[in-house]
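Colleague: Sharing start.cif (mmCIF, C-alpha atoms and all ligand atoms) below.
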```cif
data_coords
#
loop_
_atom_site.label_atom_id
_atom_site.label_comp_id
_atom_site.auth_asym_id
_atom_site.auth_seq_id
_atom_site.Cartn_x
_atom_site.Cartn_y
_atom_site.Cartn_z
CA MET A 1 -8.81 6.66 -20.33
CA PHE A 2 -8.86 4.07 -17.60
CA ASN A 3 -11.86 2.57 -15.90
CA PHE A 4 -11.70 2.34 -12.14
CA LEU A 5 -13.70 0.47 -9.56
CA LYS A 6 -15.04 2.31 -6.55
CA ARG A 7 -17.83 1.77 -4.08
CA LEU A 8 -21.38 2.10 -5.22
CA ARG A 9 -23.19 4.47 -2.89
CA THR A 10 -26.93 4.32 -3.18
CA ASP A 11 -27.41 7.23 -0.81
CA LYS A 12 -27.45 10.11 -3.28
CA ASN A 13 -26.62 12.75 -0.70
CA GLU A 14 -23.60 10.91 0.44
CA SER A 15 -22.30 10.52 -3.04
CA VAL A 16 -22.64 14.11 -4.17
CA GLU A 17 -22.03 16.11 -1.03
CA LEU A 18 -18.52 15.69 0.22
CA GLU A 19 -18.14 16.04 3.91
CA PRO A 20 -16.22 19.05 5.15
CA ALA A 21 -12.66 18.39 6.17
CA VAL A 22 -12.50 16.89 9.59
CA VAL A 23 -9.18 16.69 11.26
CA GLN A 24 -9.22 13.39 12.95
CA ASP A 25 -6.84 12.99 15.84
CA PRO A 26 -6.18 9.45 16.91
CA VAL A 27 -7.46 9.17 20.45
CA VAL A 28 -4.98 6.59 21.56
CA GLU A 29 -1.52 5.77 20.44
CA PRO A 30 -1.61 2.03 20.39
CA GLU A 31 1.23 -0.35 20.01
CA VAL A 32 0.55 -1.41 16.46
CA GLU A 33 0.98 -5.04 17.30
CA ALA A 34 -1.42 -4.89 20.24
CA VAL A 35 -4.54 -3.47 18.63
CA ALA A 36 -4.63 -5.32 15.39
CA PRO A 37 -6.45 -8.62 15.24
CA GLU A 38 -5.40 -10.46 12.11
CA ASN A 39 -8.92 -10.89 10.90
CA LEU A 40 -9.91 -7.25 11.14
CA ALA A 41 -10.04 -6.81 7.38
CA ALA A 42 -12.42 -9.73 6.98
CA GLU A 43 -14.54 -8.47 9.86
CA ALA A 44 -14.70 -5.02 8.36
CA ILE A 45 -15.84 -6.41 5.03
CA ALA A 46 -18.45 -8.59 6.73
CA LYS A 47 -19.77 -5.58 8.64
CA GLN A 48 -20.26 -3.48 5.53
CA PRO A 49 -23.83 -2.35 4.96
CA GLN A 50 -25.27 -4.10 1.96
CA HIS A 51 -25.61 -0.98 -0.14
CA LEU A 52 -21.90 -0.36 0.18
CA ALA A 53 -20.76 -3.83 -0.65
CA ALA A 54 -21.08 -3.37 -4.39
CA VAL A 55 -18.54 -1.67 -6.59
CA ILE A 56 -19.13 0.27 -9.77
CA GLU A 57 -16.96 1.11 -12.70
CA VAL A 58 -16.25 4.82 -13.03
CA GLN A 59 -14.27 7.14 -15.20
CA LEU A 60 -12.39 10.04 -13.69
CA PRO A 61 -11.71 13.41 -15.29
CA GLU A 62 -8.78 13.31 -17.67
CA ARG A 63 -5.62 15.27 -17.07
CA SER A 64 -3.08 16.22 -19.67
CA ILE A 65 0.69 16.49 -19.38
CA GLY A 66 0.23 19.59 -21.52
CA LYS A 67 2.57 22.41 -20.68
CA GLY A 68 4.77 20.12 -18.61
CA VAL A 69 7.23 18.78 -21.13
CA ARG A 70 9.85 20.95 -22.76
CA SER A 71 10.91 20.37 -26.33
CA LEU A 72 14.37 19.00 -26.94
CA PHE A 73 14.79 21.02 -30.10
CA GLY A 74 15.14 24.78 -30.40
CA SER A 75 15.93 24.40 -34.09
CA ASP A 76 15.79 21.66 -36.71
CA LEU A 77 16.37 18.09 -35.67
CA LEU A 78 19.71 17.06 -37.14
CA LEU A 79 20.80 13.46 -36.76
CA ASP A 80 24.38 14.53 -36.09
CA ASP A 81 23.34 16.58 -33.06
CA LEU A 82 20.81 14.18 -31.63
CA GLU A 83 23.07 12.21 -29.31
CA ASP A 84 24.36 15.37 -27.60
CA ILE A 85 20.88 16.77 -27.24
CA LEU A 86 19.63 13.58 -25.61
CA LEU A 87 22.64 13.55 -23.31
CA LEU A 88 21.93 17.11 -22.21
CA ALA A 89 18.35 16.14 -21.46
CA ASP A 90 19.55 13.39 -19.09
CA PHE A 91 18.70 10.35 -21.16
CA GLY A 92 22.04 8.92 -20.09
CA VAL A 93 25.03 7.85 -22.17
CA GLU A 94 23.93 4.44 -23.37
CA ILE A 95 20.33 5.34 -24.06
CA SER A 96 21.32 8.50 -25.97
CA LEU A 97 23.58 6.50 -28.22
CA GLU A 98 21.07 3.73 -28.68
CA ILE A 99 18.19 6.04 -29.59
CA THR A 100 20.38 7.97 -32.01
CA GLU A 101 21.55 4.79 -33.73
CA GLU A 102 18.03 3.48 -33.92
CA LEU A 103 16.68 6.71 -35.38
CA LYS A 104 19.44 6.79 -37.99
CA LYS A 105 18.66 3.22 -38.98
CA GLU A 106 14.95 3.86 -39.16
CA ALA A 107 15.40 7.12 -41.10
CA ASN A 108 17.54 5.24 -43.56
CA ARG A 109 15.05 2.44 -43.90
CA VAL A 110 12.07 4.67 -44.64
CA GLY A 111 14.00 7.41 -46.40
CA ALA A 112 13.24 10.14 -43.89
CA SER A 113 15.46 13.21 -43.97
CA THR A 114 13.51 16.39 -43.36
CA ASP A 115 13.06 17.92 -39.92
CA ALA A 116 9.35 17.06 -39.89
CA GLU A 117 9.95 13.45 -40.96
CA LEU A 118 12.66 12.93 -38.38
CA ARG A 119 10.57 14.42 -35.60
CA LEU A 120 7.73 12.10 -36.44
CA LEU A 121 10.02 9.08 -36.42
CA LEU A 122 11.59 10.07 -33.11
CA MET A 123 8.18 10.60 -31.58
CA GLU A 124 7.09 7.14 -32.63
CA LEU A 125 10.28 5.58 -31.41
CA LEU A 126 10.04 7.18 -27.96
CA THR A 127 6.34 6.38 -27.65
CA ASN A 128 6.85 2.73 -28.53
CA ARG A 129 9.71 2.34 -26.14
CA LEU A 130 7.92 3.96 -23.24
CA THR A 131 4.65 2.11 -23.64
CA ARG A 132 4.02 -0.64 -21.14
CA ALA A 133 0.97 -2.48 -19.90
CA ASP A 134 1.24 -1.58 -16.23
CA SER A 135 1.20 2.23 -16.35
CA ALA A 136 -2.26 2.73 -14.89
CA LEU A 137 -2.78 3.28 -11.18
CA ASN A 138 -4.07 0.19 -9.47
CA LEU A 139 -7.60 1.36 -8.78
CA SER A 140 -9.31 -1.42 -10.62
CA ASP A 141 -9.04 -4.63 -8.64
CA GLY A 142 -11.98 -3.75 -6.38
CA ALA A 143 -10.07 -4.55 -3.18
CA LEU A 144 -11.47 -1.57 -1.30
CA PRO A 145 -10.27 0.49 0.36
CA TYR A 146 -7.27 0.85 -1.92
CA VAL A 147 -4.19 1.80 0.05
CA PHE A 148 -1.41 3.88 -1.43
CA LEU A 149 1.91 4.45 0.30
CA VAL A 150 3.80 7.44 -0.99
CA VAL A 151 7.57 7.39 -0.52
CA GLY A 152 10.58 9.42 -1.59
CA VAL A 153 13.12 11.92 -0.26
CA ASN A 154 12.12 15.21 1.34
CA GLY A 155 11.20 17.86 -1.15
CA ALA A 156 10.47 15.43 -3.97
CA GLY A 157 6.80 16.38 -4.01
CA LYS A 158 5.10 13.58 -2.04
CA THR A 159 2.67 15.73 -0.10
CA THR A 160 1.83 17.90 -3.10
CA THR A 161 1.18 14.83 -5.24
CA ILE A 162 -1.10 13.36 -2.57
CA GLY A 163 -2.99 16.65 -2.46
CA LYS A 164 -3.49 16.71 -6.23
CA LEU A 165 -4.46 13.06 -6.34
CA SER A 166 -6.95 13.43 -3.48
CA ARG A 167 -8.68 16.34 -5.09
CA TRP A 168 -8.90 14.54 -8.41
CA LEU A 169 -10.37 11.46 -6.75
CA ALA A 170 -12.78 13.58 -4.70
CA ASP A 171 -13.88 15.33 -7.90
CA GLY A 172 -14.70 11.89 -9.23
CA ASP A 173 -16.81 11.29 -6.11
CA TRP A 174 -14.34 9.08 -4.33
CA LYS A 175 -14.17 9.02 -0.57
CA VAL A 176 -10.55 9.58 0.39
CA VAL A 177 -8.78 9.32 3.74
CA LEU A 178 -5.27 10.67 4.18
CA GLY A 179 -2.65 9.58 6.68
CA ALA A 180 0.12 11.93 7.84
CA ALA A 181 2.77 9.35 8.62
CA ASP A 182 5.52 11.92 8.08
CA THR A 183 5.29 12.56 11.80
CA PHE A 184 8.60 14.21 12.54
CA ARG A 185 7.94 17.66 11.15
CA ALA A 186 4.87 19.49 12.38
CA ALA A 187 4.93 21.55 9.18
CA ALA A 188 4.67 18.40 7.06
CA VAL A 189 1.50 17.38 8.88
CA GLU A 190 0.01 20.86 8.50
CA GLN A 191 0.83 20.86 4.80
CA LEU A 192 -1.04 17.60 4.28
CA ALA A 193 -3.93 18.91 6.38
CA THR A 194 -4.20 21.94 4.09
CA TRP A 195 -4.42 19.69 1.04
CA ALA A 196 -6.98 17.52 2.84
CA GLU A 197 -9.11 20.61 3.33
CA ARG A 198 -8.90 21.48 -0.36
CA ALA A 199 -9.94 17.97 -1.28
CA ALA A 200 -12.56 17.83 1.48
CA CYS A 201 -11.27 14.58 2.86
CA LYS A 202 -10.46 13.31 6.31
CA ILE A 203 -6.96 13.06 7.61
CA VAL A 204 -5.42 11.02 10.38
CA ARG A 205 -2.63 12.98 12.00
CA PRO A 206 -0.18 12.05 14.71
CA LEU A 207 -1.15 12.87 18.25
CA ASN A 208 2.30 14.19 18.93
CA GLN A 209 5.38 14.96 16.90
CA GLY A 210 7.43 11.89 16.18
CA GLN A 211 4.63 9.42 16.87
CA ASP A 212 5.33 6.04 15.38
CA PRO A 213 4.50 6.44 11.66
CA ALA A 214 3.30 2.83 11.59
CA SER A 215 0.58 3.57 14.13
CA VAL A 216 -0.62 6.52 12.06
CA ALA A 217 -0.67 4.27 9.00
CA TYR A 218 -2.62 1.67 10.92
CA GLN A 219 -5.18 4.19 12.11
CA THR A 220 -5.53 5.66 8.65
CA VAL A 221 -6.55 2.32 7.20
CA GLU A 222 -8.77 1.67 10.20
CA LEU A 223 -10.60 4.96 9.63
CA ALA A 224 -10.87 4.29 5.90
CA ILE A 225 -12.52 0.94 6.61
CA ARG A 226 -14.81 2.40 9.26
CA GLU A 227 -15.85 5.23 6.95
CA ASP A 228 -16.32 2.96 3.95
CA ALA A 229 -13.79 5.06 2.10
CA ASP A 230 -12.60 4.08 -1.35
CA ILE A 231 -8.98 4.86 -0.78
CA ALA A 232 -6.44 5.65 1.94
CA ILE A 233 -3.30 7.52 0.92
CA ILE A 234 -0.41 7.55 3.37
CA ASP A 235 2.29 10.20 3.31
CA THR A 236 5.66 9.06 4.66
CA ALA A 237 8.85 10.74 5.83
CA GLY A 238 11.76 11.17 3.47
CA ARG A 239 14.26 12.07 6.12
CA LEU A 240 15.82 8.65 6.39
CA GLN A 241 19.50 8.78 5.92
CA ASN A 242 20.45 5.20 5.34
CA LYS A 243 19.02 2.13 3.74
CA LYS A 244 18.61 0.16 6.93
CA ASP A 245 16.51 2.89 8.61
CA LEU A 246 14.47 3.28 5.48
CA MET A 247 13.85 -0.42 5.16
CA ASP A 248 12.91 -0.75 8.84
CA GLU A 249 10.56 2.18 8.85
CA LEU A 250 8.79 1.36 5.60
CA GLY A 251 8.66 -2.30 6.63
CA LYS A 252 6.85 -1.36 9.85
CA ILE A 253 4.39 0.87 8.01
CA ARG A 254 3.73 -1.85 5.48
CA LYS A 255 3.11 -4.44 8.19
CA ALA A 256 0.74 -2.12 10.02
CA VAL A 257 -1.28 -1.51 6.85
CA GLU A 258 -1.38 -5.15 5.89
CA LYS A 259 -3.05 -6.08 9.17
CA GLN A 260 -6.23 -4.64 7.69
CA ALA A 261 -5.89 -4.18 3.96
CA LYS A 262 -3.87 -4.92 0.88
CA ILE A 263 -1.40 -2.31 -0.33
CA SER A 264 -2.47 -1.30 -3.83
CA GLU A 265 0.43 0.94 -4.72
CA VAL A 266 3.77 2.04 -3.35
CA LEU A 267 4.40 5.21 -5.30
CA LEU A 268 7.95 6.50 -5.38
CA VAL A 269 8.05 10.25 -5.95
CA ILE A 270 11.08 11.54 -7.81
CA ASP A 271 11.97 15.15 -8.62
CA ALA A 272 12.84 15.36 -12.32
CA THR A 273 15.12 18.34 -11.78
CA MET A 274 17.52 16.22 -9.72
CA GLY A 275 19.12 14.81 -12.86
CA GLN A 276 21.38 11.86 -12.26
CA ASN A 277 20.84 12.12 -8.48
CA ALA A 278 17.27 11.13 -9.19
CA MET A 279 18.53 7.84 -10.55
CA ALA A 280 20.59 7.08 -7.44
CA GLN A 281 17.68 7.96 -5.14
CA ALA A 282 15.22 5.93 -7.12
CA LYS A 283 17.46 2.88 -7.06
CA ALA A 284 17.92 3.12 -3.30
CA PHE A 285 14.17 3.29 -2.70
CA ALA A 286 13.33 0.64 -5.26
CA GLU A 287 15.64 -1.77 -3.46
CA VAL A 288 13.89 -1.48 -0.12
CA ALA A 289 10.35 -0.20 -0.63
CA ASN A 290 8.60 -2.66 -2.96
CA VAL A 291 7.84 0.22 -5.28
CA THR A 292 5.02 -0.41 -7.75
CA GLY A 293 5.16 2.84 -9.66
CA ILE A 294 6.98 6.12 -10.06
CA VAL A 295 5.61 9.63 -9.84
CA MET A 296 7.88 12.08 -11.61
CA THR A 297 7.35 15.62 -10.35
CA LYS A 298 8.55 19.02 -11.54
CA LEU A 299 8.64 18.09 -15.20
CA ASP A 300 7.53 21.68 -15.74
CA GLY A 301 10.73 23.01 -14.24
CA THR A 302 13.24 21.06 -16.25
CA ALA A 303 14.75 20.70 -19.68
CA LYS A 304 15.93 17.30 -18.53
CA GLY A 305 12.86 15.21 -19.15
CA GLY A 306 15.06 12.38 -20.40
CA ILE A 307 15.50 11.23 -16.80
CA LEU A 308 11.96 9.93 -16.98
CA TYR A 309 12.82 7.67 -19.88
CA ALA A 310 16.05 6.55 -18.23
CA LEU A 311 14.33 5.78 -14.91
CA GLN A 312 11.58 3.69 -16.38
CA LYS A 313 14.07 1.71 -18.44
CA GLU A 314 16.74 1.24 -15.83
CA LEU A 315 14.47 0.40 -12.89
CA ASP A 316 12.00 -1.47 -15.04
CA LEU A 317 9.20 0.22 -13.11
CA PRO A 318 6.33 2.10 -14.72
CA ILE A 319 6.04 5.86 -14.52
CA LYS A 320 2.43 6.25 -13.40
CA LEU A 321 1.96 9.93 -12.75
CA VAL A 322 3.72 13.15 -13.58
CA GLY A 323 3.67 16.47 -11.76
CA VAL A 324 3.72 19.50 -14.01
CA GLY A 325 3.36 22.38 -11.56
CA GLU A 326 2.45 23.37 -8.03
CA GLY A 327 -1.26 23.85 -8.64
CA ILE A 328 -3.92 21.37 -7.62
CA ASN A 329 -4.62 20.35 -11.21
CA ASP A 330 -1.01 20.19 -12.32
CA PHE A 331 -0.59 16.47 -12.71
CA ALA A 332 -1.39 13.81 -15.23
CA PHE A 333 -1.35 10.12 -15.83
CA PHE A 334 1.80 9.36 -17.65
CA SER A 335 1.12 9.06 -21.35
CA PRO A 336 4.06 7.96 -23.50
CA SER A 337 2.63 9.57 -26.61
CA GLU A 338 1.92 12.93 -24.95
CA PHE A 339 5.34 12.91 -23.37
CA ALA A 340 7.08 12.05 -26.64
CA LYS A 341 5.06 14.70 -28.45
CA GLY A 342 6.12 17.31 -25.89
CA LEU A 343 9.78 16.35 -26.24
CA VAL A 344 9.93 16.60 -30.02
CA ALA A 345 7.47 19.48 -30.40
CA TYR A 346 8.28 22.57 -32.43
CA LYS A 347 9.14 25.46 -30.16
N1 LIG B 1 7.11 23.12 -10.23
C1 LIG B 1 6.67 22.09 -9.51
N2 LIG B 1 6.82 22.09 -8.18
C2 LIG B 1 6.37 21.02 -7.48
C3 LIG B 1 5.77 19.91 -8.13
N3 LIG B 1 5.44 19.01 -7.16
C4 LIG B 1 5.82 19.56 -5.98
N4 LIG B 1 6.38 20.77 -6.16
C5 LIG B 1 6.97 21.68 -5.14
O1 LIG B 1 8.05 21.03 -4.51
C6 LIG B 1 8.16 21.42 -3.15
C7 LIG B 1 8.22 20.19 -2.26
O2 LIG B 1 6.99 19.50 -2.33
P1 LIG B 1 6.43 18.59 -1.15
O3 LIG B 1 5.15 18.04 -1.62
O4 LIG B 1 6.40 19.35 0.12
O5 LIG B 1 7.54 17.47 -1.06
P2 LIG B 1 7.69 16.29 0.01
O6 LIG B 1 8.70 16.72 1.00
O7 LIG B 1 8.17 15.11 -0.78
O8 LIG B 1 6.35 16.05 0.62
C8 LIG B 1 6.95 22.30 -2.89
O9 LIG B 1 7.36 23.64 -2.96
C9 LIG B 1 5.99 21.96 -4.02
O10 LIG B 1 5.14 23.03 -4.34
C10 LIG B 1 5.63 19.93 -9.56
O11 LIG B 1 5.14 19.00 -10.22
N5 LIG B 1 6.11 21.05 -10.20
MG MG B 2 5.83 16.09 2.62
#
```
Could you rewrite the structure in this file as structure tokens?
Ligand SMILES: Nc1nc2c(ncn2[C@@H]2O[C@H](COP(=O)(O)OP(=O)(O)O)[C@@H](O)[C@H]2O)c(=O)[nH]1
Ligand SMILES: [Mg+2]

Modeller:
Amino acid sequence: MFNFLKRLRTDKNESVELEPAVVQDPVVEPEVEAVAPENLAAEAIAKQPQHLAAVIEVQLPERSIGKGVRSLFGSDLLLDDLEDILLLADFGVEISLEITEELKKEANRVGASTDAELRLLLMELLTNRLTRADSALNLSDGALPYVFLVVGVNGAGKTTTIGKLSRWLADGDWKVVLGAADTFRAAAVEQLATWAERAACKIVRPLNQGQDPASVAYQTVELAIREDADIAIIDTAGRLQNKKDLMDELGKIRKAVEKQAKISEVLLVIDATMGQNAMAQAKAFAEVANVTGIVMTKLDGTAKGGILYALQKELDLPIKLVGVGEGINDFAFFSPSEFAKGLVAYK
């Protein structure tokens, strides 16, 4: 369980009754450069009503990986089969070998040989190796509003993840503002708007198709500051075909956000069912997007959960969230022990 910092709202009504979804159309389409005085963030903070200036520590409802992770073993765990099984689950060649060697060594050392003993050892080994100190979402530094950018290729699950996250935050009484900076497909904007409705949060949408995503991002943060929101989450396009386009576009969005607020997270969403393609995608994004954490979606649809392990190791970036279904509650904070337990569970 993590403790998070959000705004303290003394107005009881405001804190319990979420406002109905309002679709907020930007009135103007400004040149990002033109409308953004550098000191806007400081001004916004100075203008805050006193009762909103304070932050409080809160806990949010827990979510479990639960049904998401498929077991690696349909029958007894045999050391001779382990490497192949890990390979099939997309752990990758080197990691599969390394884990197998390590488990053999450890089994030898402690004299483990039965299926139950080996499963326990493997579970511990995977848990230890996946545990890192930076797995929690950055919702604790009190630099409100937090701003999350969500990046990744089309179809990875960005919009769905934002929807789930918004609802979870709203359930915990957070004020959320969404930004539809995936401006090229009308359907993408509508999809985010539907999730915004479910989470009862405001959304900034482009005035017209193809509007500069950076201006939407700018206006999203602006609205979040004006509304004293706790967090702004910005959906981005995944259509970009080459690294240069990607870098330019995300760079512009980042600059637009940073005129008014700090970026708390750049979450890279990766579809677990993509196997080794997931690795290539993740590397490309990690190189250009200043990624701070990975969201691995569709763990429910795959027997290849090893890609999660491989990604975290190879990119040296924390997995922060996992998606385990299409429903609004189907996500969890990444927990190494729950994940490892799911992988080595009895069928
Ligand atoms: N099974 C499953 N489907 C998911 C998950 N996350 C997203 N999806 C589905 O993946 C598809 C693409 O998701 P979307 O959010 O539109 O991806 P985007 O293009 O990155 O915004 C949709 O059909 C989602 O319902 C997940 O964790 N599990
Ligand atoms: Mg989308």

Colleague: Return as CSV the residues of chain A lying at most 6 Å from ligand MG 2 (chain B), together with the closest atom-to-atom pair for each and the distance in Å to one decimal, counting all atoms listed in the file, with rows in chain order and ascending residue number.

Modeller:
```
residue,atom,partner,partner_atom,distance
A:Lys158,CA,B:MG2,MG,5.3
A:Thr159,CA,B:MG2,MG,4.2
A:Ala188,CA,B:MG2,MG,5.1
```

Colleague: Can you tell me which residues sit at most 8 Å away from ligand LIG 1 (chain B), counting all atoms listed in the file, written as a ChimeraX atom specification?

Modeller: /A:151-162,188,191,235,237-238,269,271,296-301,322-327,330-331

Colleague: Using all atoms listed in the file for the distances, tell me which of A:Leu5, A:Leu72, A:Leu103, A:Ile253 is nearest to Leu88 in chain A.

Modeller: A:Leu72

Colleague: CA of Ala143 in chain A and CA of Arg226 in chain A, how far apart in Å?

Modeller: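 Between CA of Arg226 in chain A and CA of Ala143 in chain A the gap works out to 15.0 Å.
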
Colleague: To one decimal place in Å, what is the distance between CA of Leu86 in chain A and CA of Gly306 in chain A?

Modeller: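 Taking CA of Leu86 in chain A and CA of Gly306 in chain A, their separation equals 7.0 Å.
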
Colleague: List as an MDAnalysis selection string the protein and nucleic acid residues near range 184-186 of chain A, meaning an atom at most 9 Å away when only C-alpha atoms are counted, but skip any in the same chain fewer than 6 places from it.

Modeller: chainID A and resid 208:211 213 237 239

Colleague: Of the residues A:Arg205, A:Trp174, A:Ala193, A:Leu149, which is the one nearest to Leu268 in chain A, using only C-alpha atoms?

Modeller: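 Among the listed residues, the smallest separation from Leu268 in chain A belongs to A:Leu149.
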
Colleague: Just checking: using only C-alpha atoms, which residue out of A:Gly74, A:Pro206, A:Gly342, A:Pro318 ends up closest to Ala180 in chain A?

Modeller: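 Between A:Gly74, A:Pro206, A:Gly342, A:Pro318, the residue approaching Ala180 in chain A most closely is A:Pro206.
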
Colleague: To one decimal in Å, tell me the separation between CA of Asp248 in chain A and CA of Leu144 in chain A.

Modeller: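 So the two atoms, CA of Asp248 in chain A and CA of Leu144 in chain A, lie 26.4 Å apart.
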
Colleague: Smallest atom-to-atom distance to Phe73 in chain A: which of A:Ala199, A:Ala303, A:Gln312, A:Thr131, using all atoms listed in the file?

Modeller: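 Closest residue, counting all atoms listed in the file: A:Ala303.
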
Colleague: Out of A:Phe4, A:Tyr309, A:Tyr218, A:Phe285, which residue has the shortest atom-to-atom distance to Pro336 in chain A when counting only C-alpha atoms?

Modeller: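 Of the candidates, the smallest distance to Pro336 in chain A is held by A:Tyr309.
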
Colleague: What lies within 6 Å of Cys201 in chain A using all atoms listed in the file, ignoring chain neighbours under 2 positions off, as a list in words?

Modeller: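 In the requested form, the answer reads Ala21, Val176, Val177, Ala196 and Ala199 of chain A.
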
Colleague: Might you pull out every residue within 12 Å of Glu102 in chain A, with all atoms listed in the file counted and same-chain residues fewer than 4 positions away left off, and present them as a PyMOL selection string?

Modeller: chain A and resi 79+82-83+95-98+106-109+118+121-122+124-126+129

Colleague: Please produce an output containing C-alpha atoms for each residue in the selection, written as a PDB file, in the coordinates of the input.

Modeller:
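Listed below is the output, part-v8.pdb:
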```pdb
ATOM      1  CA  LEU A  79      20.800  13.460 -36.760  1.00  0.00           C
ATOM      2  CA  LEU A  82      20.810  14.180 -31.630  1.00  0.00           C
ATOM      3  CA  GLU A  83      23.070  12.210 -29.310  1.00  0.00           C
ATOM      4  CA  ILE A  95      20.330   5.340 -24.060  1.00  0.00           C
ATOM      5  CA  SER A  96      21.320   8.500 -25.970  1.00  0.00           C
ATOM      6  CA  LEU A  97      23.580   6.500 -28.220  1.00  0.00           C
ATOM      7  CA  GLU A  98      21.070   3.730 -28.680  1.00  0.00           C
ATOM      8  CA  GLU A 106      14.950   3.860 -39.160  1.00  0.00           C
ATOM      9  CA  ALA A 107      15.400   7.120 -41.100  1.00  0.00           C
ATOM     10  CA  ASN A 108      17.540   5.240 -43.560  1.00  0.00           C
ATOM     11  CA  ARG A 109      15.050   2.440 -43.900  1.00  0.00           C
ATOM     12  CA  LEU A 118      12.660  12.930 -38.380  1.00  0.00           C
ATOM     13  CA  LEU A 121      10.020   9.080 -36.420  1.00  0.00           C
ATOM     14  CA  LEU A 122      11.590  10.070 -33.110  1.00  0.00           C
ATOM     15  CA  GLU A 124       7.090   7.140 -32.630  1.00  0.00           C
ATOM     16  CA  LEU A 125      10.280   5.580 -31.410  1.00  0.00           C
ATOM     17  CA  LEU A 126      10.040   7.180 -27.960  1.00  0.00           C
ATOM     18  CA  ARG A 129       9.710   2.340 -26.140  1.00  0.00           C
TER      19      ARG A 129
END
```

Colleague: Considering all atoms listed in the file, return as number ranges by chain whatever protein or nucleic-acid residues lie within 12 Å of Ile234 in chain A, sequence-local ones (same chain, fewer than 5 positions apart) excluded.

Modeller: A: 146-151, 158-159, 161-163, 165-166, 176-183, 189, 192, 196, 202-205, 213-221, 224, 250, 253-254, 256-257, 263-267

Colleague: Rebuild all heavy atoms on range 132-136 of chain A, as a compact mmCIF listing (two decimals), in the coordinates of the input?

Modeller:
```
# COMPACT_ATOMS: atom_id res chain seq x y z
N ARG A 132 4.06 0.64 -21.82
CA ARG A 132 4.02 -0.64 -21.14
C ARG A 132 2.62 -0.87 -20.58
O ARG A 132 1.83 0.07 -20.43
CB ARG A 132 5.12 -0.79 -20.09
CG ARG A 132 5.33 0.39 -19.17
CD ARG A 132 6.59 0.23 -18.35
NE ARG A 132 6.46 -0.79 -17.31
CZ ARG A 132 7.50 -1.34 -16.68
NH1 ARG A 132 8.72 -0.99 -16.98
NH2 ARG A 132 7.30 -2.25 -15.74
N ALA A 133 2.35 -2.11 -20.23
CA ALA A 133 0.97 -2.48 -19.90
C ALA A 133 0.58 -2.09 -18.48
O ALA A 133 -0.59 -2.05 -18.14
CB ALA A 133 0.79 -3.98 -20.08
N ASP A 134 1.57 -1.78 -17.64
CA ASP A 134 1.24 -1.58 -16.23
C ASP A 134 1.35 -0.12 -15.79
O ASP A 134 1.72 0.17 -14.66
CB ASP A 134 2.14 -2.46 -15.36
CG ASP A 134 3.63 -2.21 -15.63
OD1 ASP A 134 3.94 -1.40 -16.53
OD2 ASP A 134 4.47 -2.82 -14.95
N SER A 135 1.04 0.81 -16.68
CA SER A 135 1.20 2.23 -16.35
C SER A 135 0.04 2.84 -15.58
O SER A 135 0.16 3.93 -15.04
CB SER A 135 1.38 3.06 -17.62
OG SER A 135 2.39 2.52 -18.40
N ALA A 136 -1.09 2.15 -15.56
CA ALA A 136 -2.26 2.73 -14.89
C ALA A 136 -2.17 2.52 -13.38
O ALA A 136 -1.62 1.52 -12.92
CB ALA A 136 -3.54 2.10 -15.42
```
